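start.cif (mmCIF, N, CA, C and O atoms) appears below.
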data_protein
#
loop_
_atom_site.label_atom_id
_atom_site.label_comp_id
_atom_site.auth_asym_id
_atom_site.auth_seq_id
_atom_site.Cartn_x
_atom_site.Cartn_y
_atom_site.Cartn_z
N MET A 1 20.63 -5.47 6.85
CA MET A 1 19.33 -5.17 6.28
C MET A 1 18.78 -3.92 6.98
O MET A 1 18.82 -3.82 8.19
N ASN A 2 18.26 -2.98 6.20
CA ASN A 2 17.76 -1.76 6.83
C ASN A 2 16.38 -1.97 7.46
O ASN A 2 15.74 -3.00 7.26
N ASP A 3 15.93 -0.99 8.22
CA ASP A 3 14.67 -1.10 8.95
C ASP A 3 13.48 -1.36 8.04
O ASP A 3 12.61 -2.16 8.36
N TYR A 4 13.44 -0.67 6.90
CA TYR A 4 12.32 -0.85 5.97
C TYR A 4 12.26 -2.28 5.46
O TYR A 4 11.20 -2.89 5.45
N LYS A 5 13.38 -2.82 5.04
CA LYS A 5 13.39 -4.18 4.51
C LYS A 5 12.97 -5.20 5.57
O LYS A 5 12.23 -6.13 5.27
N LYS A 6 13.42 -5.02 6.79
CA LYS A 6 13.04 -5.92 7.88
C LYS A 6 11.53 -5.85 8.14
O LYS A 6 10.86 -6.88 8.26
N LEU A 7 11.01 -4.64 8.20
CA LEU A 7 9.59 -4.44 8.47
C LEU A 7 8.74 -4.96 7.31
O LEU A 7 7.70 -5.60 7.52
N ARG A 8 9.20 -4.74 6.08
CA ARG A 8 8.50 -5.23 4.89
C ARG A 8 8.41 -6.75 4.90
O ARG A 8 7.35 -7.33 4.66
N PHE A 9 9.53 -7.41 5.21
CA PHE A 9 9.55 -8.87 5.27
C PHE A 9 8.58 -9.39 6.33
O PHE A 9 7.78 -10.30 6.08
N LYS A 10 8.60 -8.77 7.50
CA LYS A 10 7.72 -9.17 8.59
C LYS A 10 6.25 -8.96 8.20
O LYS A 10 5.40 -9.82 8.43
N TYR A 11 5.96 -7.83 7.58
CA TYR A 11 4.59 -7.50 7.17
C TYR A 11 4.07 -8.50 6.14
O TYR A 11 2.97 -9.02 6.27
N LEU A 12 4.87 -8.77 5.10
CA LEU A 12 4.43 -9.68 4.04
C LEU A 12 4.43 -11.14 4.48
O LEU A 12 3.86 -11.99 3.80
N SER A 13 5.06 -11.45 5.62
CA SER A 13 5.08 -12.81 6.14
C SER A 13 3.81 -13.16 6.91
O SER A 13 3.51 -14.33 7.13
N LYS A 14 3.05 -12.15 7.32
CA LYS A 14 1.82 -12.41 8.06
C LYS A 14 0.78 -13.01 7.12
O LYS A 14 0.62 -12.55 5.99
N PRO A 15 0.05 -14.02 7.57
CA PRO A 15 -0.95 -14.68 6.71
C PRO A 15 -1.95 -13.71 6.07
O PRO A 15 -2.32 -13.87 4.92
N GLU A 16 -2.36 -12.70 6.82
CA GLU A 16 -3.35 -11.76 6.29
C GLU A 16 -2.80 -10.84 5.20
O GLU A 16 -3.57 -10.15 4.52
N ASN A 17 -1.48 -10.83 5.02
CA ASN A 17 -0.86 -9.96 4.02
C ASN A 17 -0.21 -10.75 2.88
O ASN A 17 0.51 -10.18 2.08
N ARG A 18 -0.48 -12.03 2.80
CA ARG A 18 0.16 -12.88 1.79
C ARG A 18 -0.61 -12.95 0.47
O ARG A 18 -0.39 -13.85 -0.33
N PHE A 19 -1.52 -12.03 0.26
CA PHE A 19 -2.27 -11.98 -0.99
C PHE A 19 -2.52 -10.51 -1.34
O PHE A 19 -2.36 -9.63 -0.51
N CYS A 20 -2.92 -10.29 -2.57
CA CYS A 20 -3.21 -8.93 -3.02
C CYS A 20 -4.49 -8.45 -2.37
O CYS A 20 -5.55 -9.04 -2.55
N LYS A 21 -4.38 -7.37 -1.60
CA LYS A 21 -5.56 -6.82 -0.93
C LYS A 21 -6.31 -5.83 -1.80
O LYS A 21 -7.45 -5.50 -1.51
N ALA A 22 -5.68 -5.34 -2.86
CA ALA A 22 -6.35 -4.39 -3.74
C ALA A 22 -7.41 -5.11 -4.57
O ALA A 22 -8.53 -4.61 -4.72
N ARG A 23 -7.07 -6.25 -5.14
CA ARG A 23 -7.97 -7.10 -5.92
C ARG A 23 -8.83 -6.31 -6.90
O ARG A 23 -10.06 -6.44 -6.93
N ILE A 24 -8.19 -5.49 -7.71
CA ILE A 24 -8.90 -4.67 -8.69
C ILE A 24 -9.40 -5.57 -9.82
O ILE A 24 -8.60 -6.23 -10.48
N PRO A 25 -10.73 -5.61 -10.03
CA PRO A 25 -11.29 -6.48 -11.08
C PRO A 25 -10.68 -6.20 -12.45
O PRO A 25 -10.53 -5.05 -12.86
N GLY A 26 -10.32 -7.26 -13.15
CA GLY A 26 -9.74 -7.14 -14.48
C GLY A 26 -8.27 -6.79 -14.50
O GLY A 26 -7.64 -6.78 -15.55
N ILE A 27 -7.71 -6.47 -13.34
CA ILE A 27 -6.30 -6.07 -13.23
C ILE A 27 -5.52 -7.07 -12.39
O ILE A 27 -4.42 -7.47 -12.75
N CYS A 28 -6.08 -7.46 -11.26
CA CYS A 28 -5.39 -8.26 -10.25
C CYS A 28 -4.88 -9.60 -10.79
O CYS A 28 -5.62 -10.35 -11.41
N MET A 29 -3.61 -9.86 -10.49
CA MET A 29 -3.00 -11.15 -10.82
C MET A 29 -3.03 -12.08 -9.62
O MET A 29 -2.72 -13.25 -9.73
N GLY A 30 -3.39 -11.57 -8.47
CA GLY A 30 -3.38 -12.33 -7.24
C GLY A 30 -4.32 -13.51 -7.19
O GLY A 30 -4.10 -14.45 -6.46
N THR A 31 -5.37 -13.46 -7.97
CA THR A 31 -6.31 -14.58 -7.98
C THR A 31 -6.07 -15.52 -9.15
O THR A 31 -6.70 -16.55 -9.26
N ARG A 32 -5.13 -15.16 -10.05
CA ARG A 32 -4.91 -15.97 -11.24
C ARG A 32 -3.54 -16.63 -11.29
O ARG A 32 -3.32 -17.55 -12.05
N VAL A 33 -2.61 -16.14 -10.51
CA VAL A 33 -1.23 -16.62 -10.60
C VAL A 33 -0.75 -17.10 -9.24
O VAL A 33 -0.86 -16.38 -8.26
N GLN A 34 -0.25 -18.30 -9.17
CA GLN A 34 0.33 -18.81 -7.92
C GLN A 34 1.72 -18.22 -7.74
O GLN A 34 2.45 -18.02 -8.70
N GLY A 35 2.10 -17.95 -6.54
CA GLY A 35 3.44 -17.45 -6.25
C GLY A 35 3.69 -16.06 -6.79
O GLY A 35 4.81 -15.73 -7.18
N ILE A 36 2.66 -15.22 -6.82
CA ILE A 36 2.84 -13.86 -7.33
C ILE A 36 3.77 -13.08 -6.43
O ILE A 36 3.88 -13.35 -5.23
N GLU A 37 4.45 -12.13 -7.00
CA GLU A 37 5.30 -11.25 -6.20
C GLU A 37 4.43 -10.13 -5.65
O GLU A 37 3.71 -9.47 -6.40
N LEU A 38 4.48 -9.94 -4.36
CA LEU A 38 3.71 -8.88 -3.73
C LEU A 38 4.60 -7.68 -3.46
O LEU A 38 5.79 -7.82 -3.19
N THR A 39 3.99 -6.53 -3.52
CA THR A 39 4.68 -5.29 -3.21
C THR A 39 3.91 -4.59 -2.10
O THR A 39 2.80 -5.01 -1.74
N ILE A 40 4.47 -3.53 -1.61
CA ILE A 40 3.81 -2.71 -0.60
C ILE A 40 3.41 -1.40 -1.27
O ILE A 40 4.24 -0.69 -1.82
N HIS A 41 2.13 -1.11 -1.23
CA HIS A 41 1.65 0.21 -1.66
C HIS A 41 1.53 1.05 -0.40
O HIS A 41 0.92 0.63 0.58
N HIS A 42 2.14 2.21 -0.42
CA HIS A 42 2.08 3.14 0.71
C HIS A 42 0.91 4.08 0.44
O HIS A 42 1.03 5.00 -0.38
N LYS A 43 -0.21 3.83 1.10
CA LYS A 43 -1.44 4.55 0.81
C LYS A 43 -1.34 6.05 1.03
O LYS A 43 -2.08 6.81 0.43
N ARG A 44 -0.42 6.49 1.88
CA ARG A 44 -0.25 7.92 2.13
C ARG A 44 1.10 8.42 1.66
O ARG A 44 1.55 9.48 2.06
N GLY A 45 1.76 7.64 0.81
CA GLY A 45 3.08 8.03 0.32
C GLY A 45 4.18 7.46 1.20
O GLY A 45 3.93 6.99 2.31
N ARG A 46 5.38 7.50 0.68
CA ARG A 46 6.51 6.91 1.40
C ARG A 46 7.08 7.84 2.45
O ARG A 46 7.40 7.42 3.54
N GLY A 47 7.24 9.09 2.17
CA GLY A 47 7.83 10.09 3.08
C GLY A 47 7.82 9.73 4.54
O GLY A 47 8.44 8.78 4.99
N LYS A 48 7.05 10.49 5.32
CA LYS A 48 7.03 10.26 6.77
C LYS A 48 6.26 9.00 7.16
O LYS A 48 6.31 8.56 8.29
N TYR A 49 5.57 8.37 6.20
CA TYR A 49 4.81 7.16 6.47
C TYR A 49 5.53 5.89 6.04
O TYR A 49 4.96 4.81 6.04
N LEU A 50 6.78 6.01 5.66
CA LEU A 50 7.55 4.87 5.14
C LEU A 50 7.48 3.65 6.05
O LEU A 50 7.28 2.54 5.58
N LEU A 51 7.62 3.84 7.35
CA LEU A 51 7.64 2.72 8.30
C LEU A 51 6.33 2.55 9.06
O LEU A 51 6.25 1.74 9.98
N ASP A 52 5.29 3.27 8.66
CA ASP A 52 3.98 3.20 9.32
C ASP A 52 3.14 2.14 8.63
O ASP A 52 2.48 2.40 7.63
N THR A 53 3.15 0.92 9.17
CA THR A 53 2.46 -0.20 8.52
C THR A 53 0.94 -0.02 8.47
O THR A 53 0.29 -0.70 7.70
N SER A 54 0.40 0.91 9.24
CA SER A 54 -1.04 1.16 9.16
C SER A 54 -1.43 1.81 7.83
O SER A 54 -2.60 1.83 7.47
N THR A 55 -0.44 2.32 7.11
CA THR A 55 -0.71 2.94 5.81
C THR A 55 -0.28 2.03 4.65
O THR A 55 -0.29 2.45 3.50
N TRP A 56 0.09 0.80 4.95
CA TRP A 56 0.57 -0.14 3.92
C TRP A 56 -0.57 -1.00 3.40
O TRP A 56 -1.54 -1.28 4.10
N LEU A 57 -0.40 -1.44 2.14
CA LEU A 57 -1.35 -2.34 1.51
C LEU A 57 -0.55 -3.32 0.66
O LEU A 57 0.19 -2.91 -0.23
N SER A 58 -0.67 -4.61 0.96
CA SER A 58 0.01 -5.60 0.13
C SER A 58 -0.77 -5.76 -1.17
O SER A 58 -2.00 -5.83 -1.15
N CYS A 59 -0.06 -5.73 -2.28
CA CYS A 59 -0.75 -5.88 -3.55
C CYS A 59 0.18 -6.45 -4.62
O CYS A 59 1.41 -6.37 -4.50
N CYS A 60 -0.43 -7.04 -5.63
CA CYS A 60 0.35 -7.60 -6.73
C CYS A 60 0.91 -6.45 -7.58
O CYS A 60 0.46 -5.30 -7.47
N LEU A 61 1.87 -6.77 -8.41
CA LEU A 61 2.49 -5.74 -9.24
C LEU A 61 1.50 -5.07 -10.18
O LEU A 61 1.57 -3.86 -10.41
N ALA A 62 0.55 -5.84 -10.72
CA ALA A 62 -0.43 -5.27 -11.65
C ALA A 62 -1.33 -4.24 -10.95
O ALA A 62 -1.55 -3.14 -11.46
N CYS A 63 -1.84 -4.60 -9.77
CA CYS A 63 -2.69 -3.67 -9.01
C CYS A 63 -1.88 -2.45 -8.56
O CYS A 63 -2.37 -1.32 -8.63
N HIS A 64 -0.66 -2.68 -8.12
CA HIS A 64 0.17 -1.56 -7.66
C HIS A 64 0.42 -0.57 -8.80
O HIS A 64 0.32 0.63 -8.61
N SER A 65 0.71 -1.09 -9.98
CA SER A 65 0.93 -0.23 -11.13
C SER A 65 -0.34 0.57 -11.45
O SER A 65 -0.28 1.77 -11.72
N PHE A 66 -1.50 -0.09 -11.41
CA PHE A 66 -2.77 0.59 -11.66
C PHE A 66 -3.00 1.70 -10.63
O PHE A 66 -3.40 2.81 -10.99
N ILE A 67 -2.77 1.40 -9.37
CA ILE A 67 -2.97 2.38 -8.30
C ILE A 67 -2.09 3.61 -8.53
O ILE A 67 -2.54 4.74 -8.41
N GLU A 68 -0.83 3.37 -8.86
CA GLU A 68 0.12 4.47 -9.04
C GLU A 68 -0.19 5.32 -10.27
O GLU A 68 0.06 6.52 -10.27
N THR A 69 -0.75 4.71 -11.31
CA THR A 69 -1.03 5.47 -12.53
C THR A 69 -2.46 6.02 -12.58
O THR A 69 -2.79 6.78 -13.48
N ASN A 70 -3.29 5.65 -11.62
CA ASN A 70 -4.68 6.12 -11.55
C ASN A 70 -5.02 6.57 -10.13
O ASN A 70 -5.88 5.98 -9.47
N PRO A 71 -4.36 7.61 -9.64
CA PRO A 71 -4.53 7.99 -8.23
C PRO A 71 -5.95 8.37 -7.83
O PRO A 71 -6.37 8.05 -6.72
N GLU A 72 -6.70 9.02 -8.70
CA GLU A 72 -8.07 9.40 -8.34
C GLU A 72 -8.98 8.18 -8.21
O GLU A 72 -9.78 8.09 -7.29
N ILE A 73 -8.84 7.23 -9.12
CA ILE A 73 -9.63 6.00 -9.04
C ILE A 73 -9.22 5.23 -7.78
O ILE A 73 -10.08 4.70 -7.07
N ALA A 74 -7.92 5.18 -7.51
CA ALA A 74 -7.43 4.48 -6.31
C ALA A 74 -8.03 5.09 -5.04
O ALA A 74 -8.41 4.37 -4.12
N LYS A 75 -8.12 6.41 -4.99
CA LYS A 75 -8.73 7.07 -3.82
C LYS A 75 -10.21 6.70 -3.72
O LYS A 75 -10.71 6.42 -2.64
N ASP A 76 -10.90 6.70 -4.87
CA ASP A 76 -12.33 6.34 -4.87
C ASP A 76 -12.55 4.91 -4.39
O ASP A 76 -13.56 4.61 -3.76
N LEU A 77 -11.59 4.02 -4.69
CA LEU A 77 -11.68 2.62 -4.27
C LEU A 77 -11.17 2.40 -2.84
O LEU A 77 -11.22 1.28 -2.34
N GLY A 78 -10.67 3.45 -2.20
CA GLY A 78 -10.15 3.34 -0.84
C GLY A 78 -8.76 2.72 -0.77
O GLY A 78 -8.33 2.27 0.28
N LEU A 79 -8.03 2.73 -1.90
CA LEU A 79 -6.71 2.12 -1.95
C LEU A 79 -5.59 3.13 -1.74
O LEU A 79 -4.43 2.75 -1.54
N SER A 80 -5.91 4.39 -1.79
CA SER A 80 -4.95 5.47 -1.53
C SER A 80 -5.64 6.52 -0.69
O SER A 80 -6.87 6.64 -0.71
N GLU A 81 -4.83 7.27 0.04
CA GLU A 81 -5.35 8.33 0.89
C GLU A 81 -4.62 9.62 0.58
O GLU A 81 -3.50 9.60 0.06
N ASP A 82 -5.24 10.75 0.90
CA ASP A 82 -4.58 12.03 0.71
C ASP A 82 -3.31 12.08 1.54
O ASP A 82 -3.29 11.63 2.68
N ARG A 83 -2.28 12.60 0.94
CA ARG A 83 -1.00 12.72 1.65
C ARG A 83 -0.97 13.92 2.56
O ARG A 83 -0.22 13.97 3.51
N LEU A 84 -1.78 14.89 2.25
CA LEU A 84 -1.84 16.10 3.07
C LEU A 84 -3.19 16.16 3.75
O LEU A 84 -4.23 16.09 3.11
N THR A 85 -3.17 16.28 5.06
CA THR A 85 -4.41 16.45 5.79
C THR A 85 -4.30 17.72 6.62
O THR A 85 -3.21 18.14 7.00
N ILE A 86 -5.43 18.33 6.87
CA ILE A 86 -5.43 19.55 7.66
C ILE A 86 -6.12 19.26 8.98
O ILE A 86 -7.27 18.81 9.01
N ASP A 87 -5.40 19.51 10.06
CA ASP A 87 -5.95 19.36 11.40
C ASP A 87 -7.01 20.44 11.59
O ASP A 87 -6.85 21.57 11.15
N ASN A 88 -8.09 20.13 12.27
CA ASN A 88 -9.15 21.12 12.50
C ASN A 88 -8.66 22.37 13.20
O ASN A 88 -9.25 23.43 13.04
N ASN A 89 -7.60 22.27 13.98
CA ASN A 89 -7.07 23.41 14.71
C ASN A 89 -5.97 24.15 13.97
O ASN A 89 -5.47 25.15 14.43
N GLU A 90 -5.59 23.64 12.83
CA GLU A 90 -4.47 24.21 12.08
C GLU A 90 -4.93 25.41 11.28
O GLU A 90 -5.98 25.41 10.65
N GLU A 91 -4.12 26.46 11.31
CA GLU A 91 -4.43 27.65 10.52
C GLU A 91 -3.90 27.47 9.11
O GLU A 91 -2.84 26.90 8.91
N ILE A 92 -4.64 27.97 8.16
CA ILE A 92 -4.22 27.88 6.76
C ILE A 92 -3.60 29.20 6.35
O ILE A 92 -4.01 30.24 6.69
#
Translate this structure into structure tokens?
Amino acid sequence: MNDYKKLRFKYLSKPENRFCKARIPGICMGTRVQGIELTIHHKRGRGKYLLDTSTWLSCCLACHSFIETNPEIAKDLGLSEDRLTIDNNEEI
């Protein structure tokens, strides 16, 4: 099993991550369906943050699909973050 799969299993096994944290009204299946399949939404993208659990969000498939297809709304709801940030000392 690769590192991501091991870390994903450990993350989703924690009690605080065993439900959909996005809970988007009218979308979320986490409050209506028992035994829902949870996924990991990478709030800052998968790239260099793939194994950074501080950027992960457990969510149901319905919420995850909504987040991925509505990135601006997801950012407004605090469910996604900008993938590119500029350090105050960085030159543009």
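Running DSSP on the backbone and keeping only strand (DSSP E or B), the residues of chain A that qualify are Leu38, Thr39, Ile40, His41, His42, Trp56, Leu57, Ser58, Cys59 and Cys60 of chain A.
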How would the residues just picked look written out with N, CA, C and O atoms as a compact mmCIF listing (two decimals), in the coordinates of the input?
# COMPACT_ATOMS: atom_id res chain seq x y z
N LEU A 38 4.48 -9.94 -4.36
CA LEU A 38 3.71 -8.88 -3.73
C LEU A 38 4.60 -7.68 -3.46
O LEU A 38 5.79 -7.82 -3.19
N THR A 39 3.99 -6.53 -3.52
CA THR A 39 4.68 -5.29 -3.21
C THR A 39 3.91 -4.59 -2.10
O THR A 39 2.80 -5.01 -1.74
N ILE A 40 4.47 -3.53 -1.61
CA ILE A 40 3.81 -2.71 -0.60
C ILE A 40 3.41 -1.40 -1.27
O ILE A 40 4.24 -0.69 -1.82
N HIS A 41 2.13 -1.11 -1.23
CA HIS A 41 1.65 0.21 -1.66
C HIS A 41 1.53 1.05 -0.40
O HIS A 41 0.92 0.63 0.58
N HIS A 42 2.14 2.21 -0.42
CA HIS A 42 2.08 3.14 0.71
C HIS A 42 0.91 4.08 0.44
O HIS A 42 1.03 5.00 -0.38
N TRP A 56 0.09 0.80 4.95
CA TRP A 56 0.57 -0.14 3.92
C TRP A 56 -0.57 -1.00 3.40
O TRP A 56 -1.54 -1.28 4.10
N LEU A 57 -0.40 -1.44 2.14
CA LEU A 57 -1.35 -2.34 1.51
C LEU A 57 -0.55 -3.32 0.66
O LEU A 57 0.19 -2.91 -0.23
N SER A 58 -0.67 -4.61 0.96
CA SER A 58 0.01 -5.60 0.13
C SER A 58 -0.77 -5.76 -1.17
O SER A 58 -2.00 -5.83 -1.15
N CYS A 59 -0.06 -5.73 -2.28
CA CYS A 59 -0.75 -5.88 -3.55
C CYS A 59 0.18 -6.45 -4.62
O CYS A 59 1.41 -6.37 -4.50
N CYS A 60 -0.43 -7.04 -5.63
CA CYS A 60 0.35 -7.60 -6.73
C CYS A 60 0.91 -6.45 -7.58
O CYS A 60 0.46 -5.30 -7.47
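In terms of minimum interatomic distance to Lys21 in chain A, A:Cys59 ranks closest within A:Ser65, A:Glu37, A:Cys59, A:Glu81, counting only C-alpha atoms.
Atom to atom, CA of Leu61 in chain A and CA of Thr39 in chain A stand 6.4 Å apart.
Nearest residue to Lys75 in chain A among A:Met29, A:Arg46, A:Ala22, A:Arg8 is A:Ala22, counting only C-alpha atoms.
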Assuming 4 Å of padding per side, give the centre and edge lengths of the axis-aligned box around every listed atom of range 36-55 of chain A, in Å to one decimal and as AutoDock Vina command-line options.
--center_x 2.9 --center_y -2.4 --center_z 1.3 --size_x 19.0 --size_y 33.7 --size_z 25.3
Ground truth for the PyMOL selection byres ((chain A and resi 45) around 8), written as a ChimeraX atom specification: /A:41-44,46-52,55-56,80-83
Nearest to Arg23 in chain A by atom-to-atom distance, counting all atoms listed in the file, from A:Ser58, A:Pro71, A:Leu38, A:Phe66: A:Ser58
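The two atoms in question, CA of Asn2 in chain A and CA of Phe19 in chain A, are spaced 23.8 Å apart.
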Those in range 2-40 of chain A with alpha helix (DSSP H) from DSSP, as a PyMOL selection string: chain A and resi 3-13
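The closest residue to Ile40 in chain A, picked from A:Ser54, A:His64, A:Cys28, A:Asn70 and counting only N, CA, C and O atoms, is A:His64.
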Computed interatomic separation between atom N of Cys60 in chain A and CA of Arg18 in chain A (Å): 9.5 Å
